[in-house]
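Each remark here refers to the structure printed beneath this line.
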Amino acid sequence: MSEALFSAIPYVAAGAAVAGVARRLMARAPASAPTPWTSSGRAILAGGVIVALNHLLGLLAPRVMQAFNASPGRLFTLEAVSLIGALLLAWGLVGLTLRRAREGQWRTAALLGLLFLQSCSGLYLAVALRWGSAWYVHVVVPYLRSVLAFQPDASLLAQAPFVVQFHTLFGMVVLALALFIRARPEPVTAPLLVTPREETAR
Ligand code: HEM
């Protein structure tokens, strides 16, 4: 991937994320009854927390992660727990994507589908390029930190396999787009012509 992509995509994604947050704040819906958690929602929450913690620990405390991974037993445990989180996340995302598609909420389904695609590329990374939490701090974290310091330097990441580069850049894009997902499903509007029998069957 070209240097220009590594330099531009993080900031374009950050701009989109700001727009997504602003849109949410302006379109705040009136409080309504809380929607019950589905099994897909619970899987996304549990898997998402595990995967996010793994990603954030390497970025925010790379030395702690390095020290933790110094023992093969701990490295194996972290990888196994991350893999379980990844499977839960992917399973939950499939369920929710299909549900939104069945409800005809195509935009939400498409955005959830992109998150699923990103989770699949993460799963592929975790399985095909093993011990990711060990190389993550040396290959990807320096790039992420250089982006945060407004001096993007992708010299190490540019030598990594394509799937690592894709997962990193696409991850930024889907994180920004995720802010455009409707938290609550759109209300189902009753058709204008409903017979009394259909009404009671609802
Ligand atoms: C800037 C954004 C991101 C970067 C730099 C990044 C980087 C990485 C790296 C290096 C790995 C391999 C680590 C390992 O195997 O332990 C990984 C794994 C993974 N990533 Fe990401 N990722 C990003 C965003 C995302 C997002 C938004 C998702 C979810 C939609 C995601 C889902 C996963 C999953 C499921 C795994 C495999 C399990 C795990 O190791 O945690 N990633 N990611």
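Residues in the structure tokens are numbered from 1 in each chain, the chains being A, B, ... in the order shown, and ligands are numbered from 1 in the order shown.
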Each residue of chain A lying at most 8 Å from ligand 1 should get a row with its shortest atom-to-atom pair and the distance in Å to one decimal, counting only C-alpha atoms and all ligand atoms; could you produce that, ordered by chain and increasing number, as JSON lines?
{"residue": "A:Gly48", "atom": "CA", "partner": "ligand 1", "partner_atom_place_in_ligand_line": "29 (C)", "distance": 7.2}
{"residue": "A:Ile50", "atom": "CA", "partner": "ligand 1", "partner_atom_place_in_ligand_line": "41 (O)", "distance": 7.1}
{"residue": "A:Val51", "atom": "CA", "partner": "ligand 1", "partner_atom_place_in_ligand_line": "41 (O)", "distance": 4.1}
{"residue": "A:Ala52", "atom": "CA", "partner": "ligand 1", "partner_atom_place_in_ligand_line": "41 (O)", "distance": 7.1}
{"residue": "A:Asn54", "atom": "CA", "partner": "ligand 1", "partner_atom_place_in_ligand_line": "41 (O)", "distance": 5.5}
{"residue": "A:His55", "atom": "CA", "partner": "ligand 1", "partner_atom_place_in_ligand_line": "41 (O)", "distance": 6.3}
{"residue": "A:Leu78", "atom": "CA", "partner": "ligand 1", "partner_atom_place_in_ligand_line": "16 (O)", "distance": 7.8}
{"residue": "A:Glu79", "atom": "CA", "partner": "ligand 1", "partner_atom_place_in_ligand_line": "16 (O)", "distance": 5.8}
{"residue": "A:Ser82", "atom": "CA", "partner": "ligand 1", "partner_atom_place_in_ligand_line": "39 (C)", "distance": 4.6}
{"residue": "A:Leu83", "atom": "CA", "partner": "ligand 1", "partner_atom_place_in_ligand_line": "38 (C)", "distance": 5.0}
{"residue": "A:Ile84", "atom": "CA", "partner": "ligand 1", "partner_atom_place_in_ligand_line": "38 (C)", "distance": 7.9}
{"residue": "A:Gly85", "atom": "CA", "partner": "ligand 1", "partner_atom_place_in_ligand_line": "38 (C)", "distance": 6.7}
{"residue": "A:Ala86", "atom": "CA", "partner": "ligand 1", "partner_atom_place_in_ligand_line": "35 (C)", "distance": 3.9}
{"residue": "A:Leu87", "atom": "CA", "partner": "ligand 1", "partner_atom_place_in_ligand_line": "35 (C)", "distance": 7.2}
{"residue": "A:Leu89", "atom": "CA", "partner": "ligand 1", "partner_atom_place_in_ligand_line": "35 (C)", "distance": 6.7}
{"residue": "A:Ala90", "atom": "CA", "partner": "ligand 1", "partner_atom_place_in_ligand_line": "35 (C)", "distance": 7.1}
{"residue": "A:Leu114", "atom": "CA", "partner": "ligand 1", "partner_atom_place_in_ligand_line": "30 (C)", "distance": 7.9}
{"residue": "A:Leu115", "atom": "CA", "partner": "ligand 1", "partner_atom_place_in_ligand_line": "30 (C)", "distance": 4.4}
{"residue": "A:Phe116", "atom": "CA", "partner": "ligand 1", "partner_atom_place_in_ligand_line": "30 (C)", "distance": 6.3}
{"residue": "A:Leu117", "atom": "CA", "partner": "ligand 1", "partner_atom_place_in_ligand_line": "30 (C)", "distance": 7.6}
{"residue": "A:Gln118", "atom": "CA", "partner": "ligand 1", "partner_atom_place_in_ligand_line": "30 (C)", "distance": 4.9}
{"residue": "A:Ser119", "atom": "CA", "partner": "ligand 1", "partner_atom_place_in_ligand_line": "35 (C)", "distance": 4.1}
{"residue": "A:Cys120", "atom": "CA", "partner": "ligand 1", "partner_atom_place_in_ligand_line": "35 (C)", "distance": 6.5}
{"residue": "A:Ser121", "atom": "CA", "partner": "ligand 1", "partner_atom_place_in_ligand_line": "33 (C)", "distance": 7.0}
{"residue": "A:Gly122", "atom": "CA", "partner": "ligand 1", "partner_atom_place_in_ligand_line": "36 (C)", "distance": 3.4}
{"residue": "A:Leu123", "atom": "CA", "partner": "ligand 1", "partner_atom_place_in_ligand_line": "37 (C)", "distance": 4.4}
{"residue": "A:Tyr124", "atom": "CA", "partner": "ligand 1", "partner_atom_place_in_ligand_line": "37 (C)", "distance": 7.3}
{"residue": "A:Leu125", "atom": "CA", "partner": "ligand 1", "partner_atom_place_in_ligand_line": "12 (C)", "distance": 5.5}
{"residue": "A:Ala126", "atom": "CA", "partner": "ligand 1", "partner_atom_place_in_ligand_line": "15 (O)", "distance": 3.7}
{"residue": "A:Val127", "atom": "CA", "partner": "ligand 1", "partner_atom_place_in_ligand_line": "15 (O)", "distance": 7.3}
{"residue": "A:Leu129", "atom": "CA", "partner": "ligand 1", "partner_atom_place_in_ligand_line": "15 (O)", "distance": 7.2}
{"residue": "A:Arg130", "atom": "CA", "partner": "ligand 1", "partner_atom_place_in_ligand_line": "15 (O)", "distance": 6.3}
{"residue": "A:Trp131", "atom": "CA", "partner": "ligand 1", "partner_atom_place_in_ligand_line": "15 (O)", "distance": 6.0}
{"residue": "A:Gly132", "atom": "CA", "partner": "ligand 1", "partner_atom_place_in_ligand_line": "14 (C)", "distance": 3.4}
{"residue": "A:Ser133", "atom": "CA", "partner": "ligand 1", "partner_atom_place_in_ligand_line": "16 (O)", "distance": 3.8}
{"residue": "A:Ala134", "atom": "CA", "partner": "ligand 1", "partner_atom_place_in_ligand_line": "16 (O)", "distance": 7.3}
{"residue": "A:Trp135", "atom": "CA", "partner": "ligand 1", "partner_atom_place_in_ligand_line": "10 (C)", "distance": 7.4}
{"residue": "A:Tyr136", "atom": "CA", "partner": "ligand 1", "partner_atom_place_in_ligand_line": "10 (C)", "distance": 4.5}
{"residue": "A:Val137", "atom": "CA", "partner": "ligand 1", "partner_atom_place_in_ligand_line": "10 (C)", "distance": 7.9}
{"residue": "A:Val139", "atom": "CA", "partner": "ligand 1", "partner_atom_place_in_ligand_line": "10 (C)", "distance": 7.9}
{"residue": "A:Val140", "atom": "CA", "partner": "ligand 1", "partner_atom_place_in_ligand_line": "10 (C)", "distance": 6.0}
{"residue": "A:Val141", "atom": "CA", "partner": "ligand 1", "partner_atom_place_in_ligand_line": "5 (C)", "distance": 7.2}
{"residue": "A:Leu144", "atom": "CA", "partner": "ligand 1", "partner_atom_place_in_ligand_line": "5 (C)", "distance": 6.9}
{"residue": "A:Val164", "atom": "CA", "partner": "ligand 1", "partner_atom_place_in_ligand_line": "10 (C)", "distance": 6.5}
{"residue": "A:His167", "atom": "CA", "partner": "ligand 1", "partner_atom_place_in_ligand_line": "22 (N)", "distance": 5.8}
{"residue": "A:Thr168", "atom": "CA", "partner": "ligand 1", "partner_atom_place_in_ligand_line": "5 (C)", "distance": 4.0}
{"residue": "A:Leu169", "atom": "CA", "partner": "ligand 1", "partner_atom_place_in_ligand_line": "1 (C)", "distance": 6.3}
{"residue": "A:Phe170", "atom": "CA", "partner": "ligand 1", "partner_atom_place_in_ligand_line": "2 (C)", "distance": 7.2}
{"residue": "A:Gly171", "atom": "CA", "partner": "ligand 1", "partner_atom_place_in_ligand_line": "24 (C)", "distance": 3.8}
{"residue": "A:Met172", "atom": "CA", "partner": "ligand 1", "partner_atom_place_in_ligand_line": "1 (C)", "distance": 4.5}
{"residue": "A:Val174", "atom": "CA", "partner": "ligand 1", "partner_atom_place_in_ligand_line": "27 (C)", "distance": 5.9}
{"residue": "A:Leu175", "atom": "CA", "partner": "ligand 1", "partner_atom_place_in_ligand_line": "27 (C)", "distance": 5.1}
Using the selection just defined, write its residues with N, CA and C atoms as a compact mmCIF listing (two decimals), in the first residue's frame.
# COMPACT_ATOMS: atom_id res chain seq x y z
N GLY A 48 -16.60 -7.81 21.88
CA GLY A 48 -16.05 -6.47 21.58
C GLY A 48 -15.17 -5.97 22.71
N ILE A 50 -13.46 -7.78 24.92
CA ILE A 50 -12.20 -8.54 24.95
C ILE A 50 -11.25 -8.06 23.83
N VAL A 51 -11.81 -7.95 22.60
CA VAL A 51 -10.97 -7.56 21.46
C VAL A 51 -10.47 -6.11 21.65
N ALA A 52 -11.35 -5.22 22.13
CA ALA A 52 -10.95 -3.82 22.31
C ALA A 52 -9.84 -3.72 23.37
N ASN A 54 -7.62 -5.95 24.17
CA ASN A 54 -6.37 -6.46 23.59
C ASN A 54 -5.73 -5.39 22.69
N HIS A 55 -6.57 -4.74 21.85
CA HIS A 55 -6.05 -3.70 20.96
C HIS A 55 -5.51 -2.50 21.75
N LEU A 78 -3.42 -15.21 26.57
CA LEU A 78 -3.94 -13.97 25.97
C LEU A 78 -4.45 -14.23 24.56
N GLU A 79 -3.69 -15.01 23.78
CA GLU A 79 -4.10 -15.30 22.40
C GLU A 79 -5.40 -16.11 22.39
N SER A 82 -8.29 -13.89 23.36
CA SER A 82 -8.59 -12.98 22.24
C SER A 82 -9.34 -13.71 21.14
N LEU A 83 -8.94 -14.96 20.90
CA LEU A 83 -9.59 -15.73 19.84
C LEU A 83 -11.06 -16.00 20.20
N ILE A 84 -11.30 -16.32 21.48
CA ILE A 84 -12.68 -16.55 21.92
C ILE A 84 -13.49 -15.25 21.74
N GLY A 85 -12.87 -14.11 22.14
CA GLY A 85 -13.54 -12.81 21.96
C GLY A 85 -13.84 -12.55 20.50
N ALA A 86 -12.87 -12.88 19.63
CA ALA A 86 -13.05 -12.64 18.20
C ALA A 86 -14.20 -13.48 17.64
N LEU A 87 -14.29 -14.73 18.09
CA LEU A 87 -15.37 -15.61 17.60
C LEU A 87 -16.73 -15.11 18.08
N LEU A 89 -17.50 -12.01 18.86
CA LEU A 89 -17.79 -10.76 18.15
C LEU A 89 -18.32 -11.06 16.74
N ALA A 90 -17.62 -11.95 16.03
CA ALA A 90 -18.01 -12.26 14.66
C ALA A 90 -19.39 -12.93 14.63
N LEU A 114 -19.70 -4.52 7.40
CA LEU A 114 -18.29 -4.07 7.30
C LEU A 114 -17.54 -4.42 8.60
N LEU A 115 -18.22 -4.24 9.74
CA LEU A 115 -17.59 -4.60 11.03
C LEU A 115 -17.32 -6.11 11.08
N PHE A 116 -18.24 -6.88 10.51
CA PHE A 116 -18.05 -8.34 10.46
C PHE A 116 -16.84 -8.69 9.59
N LEU A 117 -16.74 -8.00 8.44
CA LEU A 117 -15.60 -8.24 7.53
C LEU A 117 -14.28 -7.94 8.26
N GLN A 118 -14.28 -6.84 9.03
CA GLN A 118 -13.09 -6.46 9.78
C GLN A 118 -12.75 -7.52 10.83
N SER A 119 -13.80 -8.04 11.50
CA SER A 119 -13.57 -9.08 12.51
C SER A 119 -13.00 -10.34 11.85
N CYS A 120 -13.49 -10.64 10.62
CA CYS A 120 -12.98 -11.84 9.92
C CYS A 120 -11.51 -11.65 9.58
N SER A 121 -11.13 -10.44 9.14
CA SER A 121 -9.71 -10.24 8.82
C SER A 121 -8.88 -10.33 10.11
N GLY A 122 -9.45 -9.89 11.26
CA GLY A 122 -8.76 -10.03 12.55
C GLY A 122 -8.60 -11.50 12.92
N LEU A 123 -9.68 -12.28 12.70
CA LEU A 123 -9.62 -13.72 12.99
C LEU A 123 -8.55 -14.39 12.14
N TYR A 124 -8.50 -13.97 10.87
CA TYR A 124 -7.48 -14.55 9.97
C TYR A 124 -6.08 -14.22 10.49
N LEU A 125 -5.90 -12.95 10.92
CA LEU A 125 -4.59 -12.53 11.49
C LEU A 125 -4.22 -13.40 12.67
N ALA A 126 -5.22 -13.56 13.59
CA ALA A 126 -4.94 -14.27 14.83
C ALA A 126 -4.54 -15.72 14.56
N VAL A 127 -5.12 -16.33 13.49
CA VAL A 127 -4.86 -17.74 13.23
C VAL A 127 -3.64 -17.92 12.32
N LEU A 129 -1.24 -15.56 11.32
CA LEU A 129 0.02 -14.90 11.74
C LEU A 129 0.06 -14.94 13.27
N ARG A 130 0.34 -16.10 13.79
CA ARG A 130 0.18 -16.33 15.23
C ARG A 130 1.00 -15.40 16.13
N TRP A 131 0.62 -15.38 17.39
CA TRP A 131 1.27 -14.58 18.43
C TRP A 131 1.23 -13.09 18.06
N GLY A 132 0.05 -12.70 17.55
CA GLY A 132 -0.15 -11.31 17.10
C GLY A 132 0.10 -10.28 18.18
N SER A 133 -0.30 -10.61 19.44
CA SER A 133 -0.13 -9.59 20.48
C SER A 133 1.36 -9.32 20.73
N ALA A 134 2.22 -10.28 20.31
CA ALA A 134 3.66 -10.06 20.48
C ALA A 134 4.21 -9.16 19.37
N TRP A 135 3.82 -9.42 18.10
CA TRP A 135 4.37 -8.58 17.02
C TRP A 135 3.61 -7.26 16.85
N TYR A 136 2.36 -7.21 17.34
CA TYR A 136 1.55 -5.99 17.24
C TYR A 136 2.28 -4.77 17.81
N VAL A 137 2.89 -4.96 19.01
CA VAL A 137 3.55 -3.82 19.68
C VAL A 137 4.79 -3.34 18.91
N VAL A 139 5.24 -3.78 15.34
CA VAL A 139 5.00 -3.46 13.93
C VAL A 139 3.90 -2.41 13.76
N VAL A 140 2.77 -2.61 14.47
CA VAL A 140 1.61 -1.75 14.24
C VAL A 140 1.58 -0.56 15.21
N VAL A 141 1.91 -0.83 16.49
CA VAL A 141 1.82 0.24 17.49
C VAL A 141 2.73 1.44 17.14
N LEU A 144 0.75 3.49 14.76
CA LEU A 144 -0.41 4.16 15.38
C LEU A 144 0.05 5.34 16.23
N VAL A 164 -2.20 -7.48 7.24
CA VAL A 164 -1.96 -6.64 8.43
C VAL A 164 -2.21 -5.17 8.06
N HIS A 167 -6.00 -4.71 7.58
CA HIS A 167 -6.74 -4.73 8.85
C HIS A 167 -6.53 -3.40 9.59
N THR A 168 -5.33 -2.87 9.54
CA THR A 168 -5.04 -1.62 10.26
C THR A 168 -5.79 -0.44 9.65
N LEU A 169 -5.68 -0.28 8.31
CA LEU A 169 -6.31 0.88 7.68
C LEU A 169 -7.83 0.73 7.64
N PHE A 170 -8.31 -0.47 7.30
CA PHE A 170 -9.76 -0.69 7.23
C PHE A 170 -10.37 -0.55 8.63
N GLY A 171 -9.59 -0.94 9.66
CA GLY A 171 -10.06 -0.81 11.05
C GLY A 171 -10.39 0.64 11.39
N MET A 172 -9.54 1.55 10.94
CA MET A 172 -9.79 2.97 11.22
C MET A 172 -11.06 3.43 10.52
N VAL A 174 -13.69 1.53 9.50
CA VAL A 174 -14.93 0.97 10.06
C VAL A 174 -15.22 1.54 11.46
N LEU A 175 -14.18 1.87 12.21
CA LEU A 175 -14.43 2.48 13.53
C LEU A 175 -15.17 3.81 13.36
Compile the contact shell of Phe6 of chain A as a PyMOL selection string: residues with an atom at most 10 Å away, counting only C-alpha atoms, same-chain residues fewer than 5 positions apart removed. chain A and resi 1+11+143+147+152-155+157-158+165+168-169
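The two atoms in question, atom CA of Arg28 of chain A and atom CA of Thr108 of chain A, are spaced 17.3 Å apart.
The environment of Arg42 of chain A within 12 Å, counting only C-alpha atoms and disregarding residues fewer than 3 places along the same chain, consists of Pro36, Trp37, Thr38, Ser39, Leu45, Ala46, Gly47, Gly48, Val49, Gly85, Leu88, Leu89, Ala90, Trp91, Gly92, Leu93, Gly95 and Leu96 of chain A.
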I need the residues from that last selection saved to file as an mmCIF file, in the first residue's frame (with C-alpha atoms), if you can.
data_model
loop_
_atom_site.group_PDB
_atom_site.id
_atom_site.type_symbol
_atom_site.label_atom_id
_atom_site.label_comp_id
_atom_site.auth_asym_id
_atom_site.auth_seq_id
_atom_site.Cartn_x
_atom_site.Cartn_y
_atom_site.Cartn_z
ATOM 1 C CA PRO A 36 -34.028 -5.901 25.565
ATOM 2 C CA TRP A 37 -30.580 -7.379 24.894
ATOM 3 C CA THR A 38 -30.573 -10.128 22.288
ATOM 4 C CA SER A 39 -28.059 -13.003 22.277
ATOM 5 C CA LEU A 45 -20.636 -6.707 23.863
ATOM 6 C CA ALA A 46 -18.598 -9.538 25.415
ATOM 7 C CA GLY A 47 -16.462 -10.194 22.308
ATOM 8 C CA GLY A 48 -16.053 -6.466 21.584
ATOM 9 C CA VAL A 49 -14.796 -5.738 25.123
ATOM 10 C CA GLY A 85 -13.537 -12.812 21.965
ATOM 11 C CA LEU A 88 -18.046 -14.141 19.893
ATOM 12 C CA LEU A 89 -17.791 -10.760 18.149
ATOM 13 C CA ALA A 90 -18.015 -12.264 14.655
ATOM 14 C CA TRP A 91 -20.923 -14.537 15.636
ATOM 15 C CA GLY A 92 -22.854 -11.638 17.201
ATOM 16 C CA LEU A 93 -22.217 -9.393 14.204
ATOM 17 C CA GLY A 95 -26.700 -12.409 13.800
ATOM 18 C CA LEU A 96 -27.327 -8.678 14.068
#
For the structure I just gave you, how does DSSP split segment 126-184 of chain A - specifically, which residues are helix (DSSP H, G or I)? Reply as number ranges by chain. A: 126-128, 132-139, 141-148, 157-159, 162-178
Just write the chosen residues, N, CA and C atoms, as a tab-separated table (two decimals), in the first residue's frame.
chain	number	residue	atom	x	y	z
A	126	ALA	N	-5.22	-13.56	13.59
A	126	ALA	CA	-4.94	-14.27	14.83
A	126	ALA	C	-4.54	-15.72	14.56
A	127	VAL	N	-5.12	-16.33	13.49
A	127	VAL	CA	-4.86	-17.74	13.23
A	127	VAL	C	-3.64	-17.92	12.32
A	128	ALA	N	-3.57	-17.11	11.24
A	128	ALA	CA	-2.52	-17.32	10.23
A	128	ALA	C	-1.18	-16.70	10.64
A	132	GLY	N	0.05	-12.70	17.55
A	132	GLY	CA	-0.15	-11.31	17.10
A	132	GLY	C	0.10	-10.28	18.18
A	133	SER	N	-0.30	-10.61	19.44
A	133	SER	CA	-0.13	-9.59	20.48
A	133	SER	C	1.36	-9.32	20.73
A	134	ALA	N	2.22	-10.28	20.31
A	134	ALA	CA	3.66	-10.06	20.48
A	134	ALA	C	4.21	-9.16	19.37
A	135	TRP	N	3.82	-9.42	18.10
A	135	TRP	CA	4.37	-8.58	17.02
A	135	TRP	C	3.61	-7.26	16.85
A	136	TYR	N	2.36	-7.21	17.34
A	136	TYR	CA	1.55	-5.99	17.24
A	136	TYR	C	2.28	-4.77	17.81
A	137	VAL	N	2.89	-4.96	19.01
A	137	VAL	CA	3.55	-3.82	19.68
A	137	VAL	C	4.79	-3.34	18.91
A	138	HIS	N	5.38	-4.22	18.09
A	138	HIS	CA	6.61	-3.82	17.38
A	138	HIS	C	6.34	-3.32	15.96
A	139	VAL	N	5.24	-3.78	15.34
A	139	VAL	CA	5.00	-3.46	13.93
A	139	VAL	C	3.90	-2.41	13.76
A	141	VAL	N	1.91	-0.83	16.49
A	141	VAL	CA	1.82	0.24	17.49
A	141	VAL	C	2.73	1.44	17.14
A	142	PRO	N	3.98	1.24	16.68
A	142	PRO	CA	4.79	2.42	16.32
A	142	PRO	C	4.10	3.29	15.26
A	143	TYR	N	3.43	2.64	14.29
A	143	TYR	CA	2.71	3.42	13.27
A	143	TYR	C	1.55	4.19	13.91
A	144	LEU	N	0.75	3.49	14.76
A	144	LEU	CA	-0.41	4.16	15.38
A	144	LEU	C	0.05	5.34	16.23
A	145	ARG	N	1.15	5.15	16.93
A	145	ARG	CA	1.64	6.24	17.78
A	145	ARG	C	2.14	7.41	16.94
A	146	SER	N	2.77	7.09	15.78
A	146	SER	CA	3.26	8.17	14.91
A	146	SER	C	2.07	8.96	14.33
A	147	VAL	N	0.96	8.25	14.09
A	147	VAL	CA	-0.25	8.92	13.59
A	147	VAL	C	-0.79	9.86	14.67
A	148	LEU	N	-0.81	9.37	15.92
A	148	LEU	CA	-1.33	10.20	17.02
A	148	LEU	C	-0.45	11.43	17.25
A	157	LEU	N	5.30	-0.94	9.11
A	157	LEU	CA	4.03	-1.54	8.68
A	157	LEU	C	4.04	-1.84	7.18
A	158	ALA	N	4.75	-0.98	6.40
A	158	ALA	CA	4.79	-1.17	4.94
A	158	ALA	C	5.46	-2.50	4.57
A	159	GLN	N	6.26	-3.06	5.49
A	159	GLN	CA	6.92	-4.34	5.19
A	159	GLN	C	6.12	-5.54	5.69
A	162	PHE	N	0.17	-8.02	3.53
A	162	PHE	CA	-0.94	-7.15	3.10
A	162	PHE	C	-2.10	-7.17	4.09
A	163	VAL	N	-2.43	-8.38	4.63
A	163	VAL	CA	-3.61	-8.49	5.50
A	163	VAL	C	-3.44	-7.63	6.77
A	164	VAL	N	-2.20	-7.48	7.24
A	164	VAL	CA	-1.96	-6.64	8.43
A	164	VAL	C	-2.21	-5.17	8.06
A	165	GLN	N	-1.70	-4.77	6.88
A	165	GLN	CA	-1.91	-3.39	6.43
A	165	GLN	C	-3.40	-3.12	6.23
A	166	PHE	N	-4.07	-4.07	5.58
A	166	PHE	CA	-5.51	-3.91	5.32
A	166	PHE	C	-6.27	-3.79	6.63
A	167	HIS	N	-6.00	-4.71	7.58
A	167	HIS	CA	-6.74	-4.73	8.85
A	167	HIS	C	-6.53	-3.40	9.59
A	168	THR	N	-5.33	-2.87	9.54
A	168	THR	CA	-5.04	-1.62	10.26
A	168	THR	C	-5.79	-0.44	9.65
A	169	LEU	N	-5.68	-0.28	8.31
A	169	LEU	CA	-6.31	0.88	7.68
A	169	LEU	C	-7.83	0.73	7.64
A	170	PHE	N	-8.31	-0.47	7.30
A	170	PHE	CA	-9.76	-0.69	7.23
A	170	PHE	C	-10.37	-0.55	8.63
A	171	GLY	N	-9.59	-0.94	9.66
A	171	GLY	CA	-10.06	-0.81	11.05
A	171	GLY	C	-10.39	0.64	11.39
A	172	MET	N	-9.54	1.55	10.94
A	172	MET	CA	-9.79	2.97	11.22
A	172	MET	C	-11.06	3.43	10.52
A	173	VAL	N	-11.22	2.97	9.26
A	173	VAL	CA	-12.40	3.38	8.49
A	173	VAL	C	-13.68	2.83	9.14
A	174	VAL	N	-13.69	1.53	9.50
A	174	VAL	CA	-14.93	0.97	10.06
A	174	VAL	C	-15.22	1.54	11.46
A	175	LEU	N	-14.18	1.87	12.21
A	175	LEU	CA	-14.43	2.48	13.53
A	175	LEU	C	-15.17	3.81	13.36
A	176	ALA	N	-14.74	4.59	12.34
A	176	ALA	CA	-15.41	5.88	12.08
A	176	ALA	C	-16.84	5.64	11.60
A	177	LEU	N	-17.01	4.68	10.68
A	177	LEU	CA	-18.34	4.42	10.13
A	177	LEU	C	-19.29	3.86	11.18
A	178	ALA	N	-18.72	3.13	12.18
A	178	ALA	CA	-19.57	2.51	13.22
A	178	ALA	C	-20.36	3.58	13.97
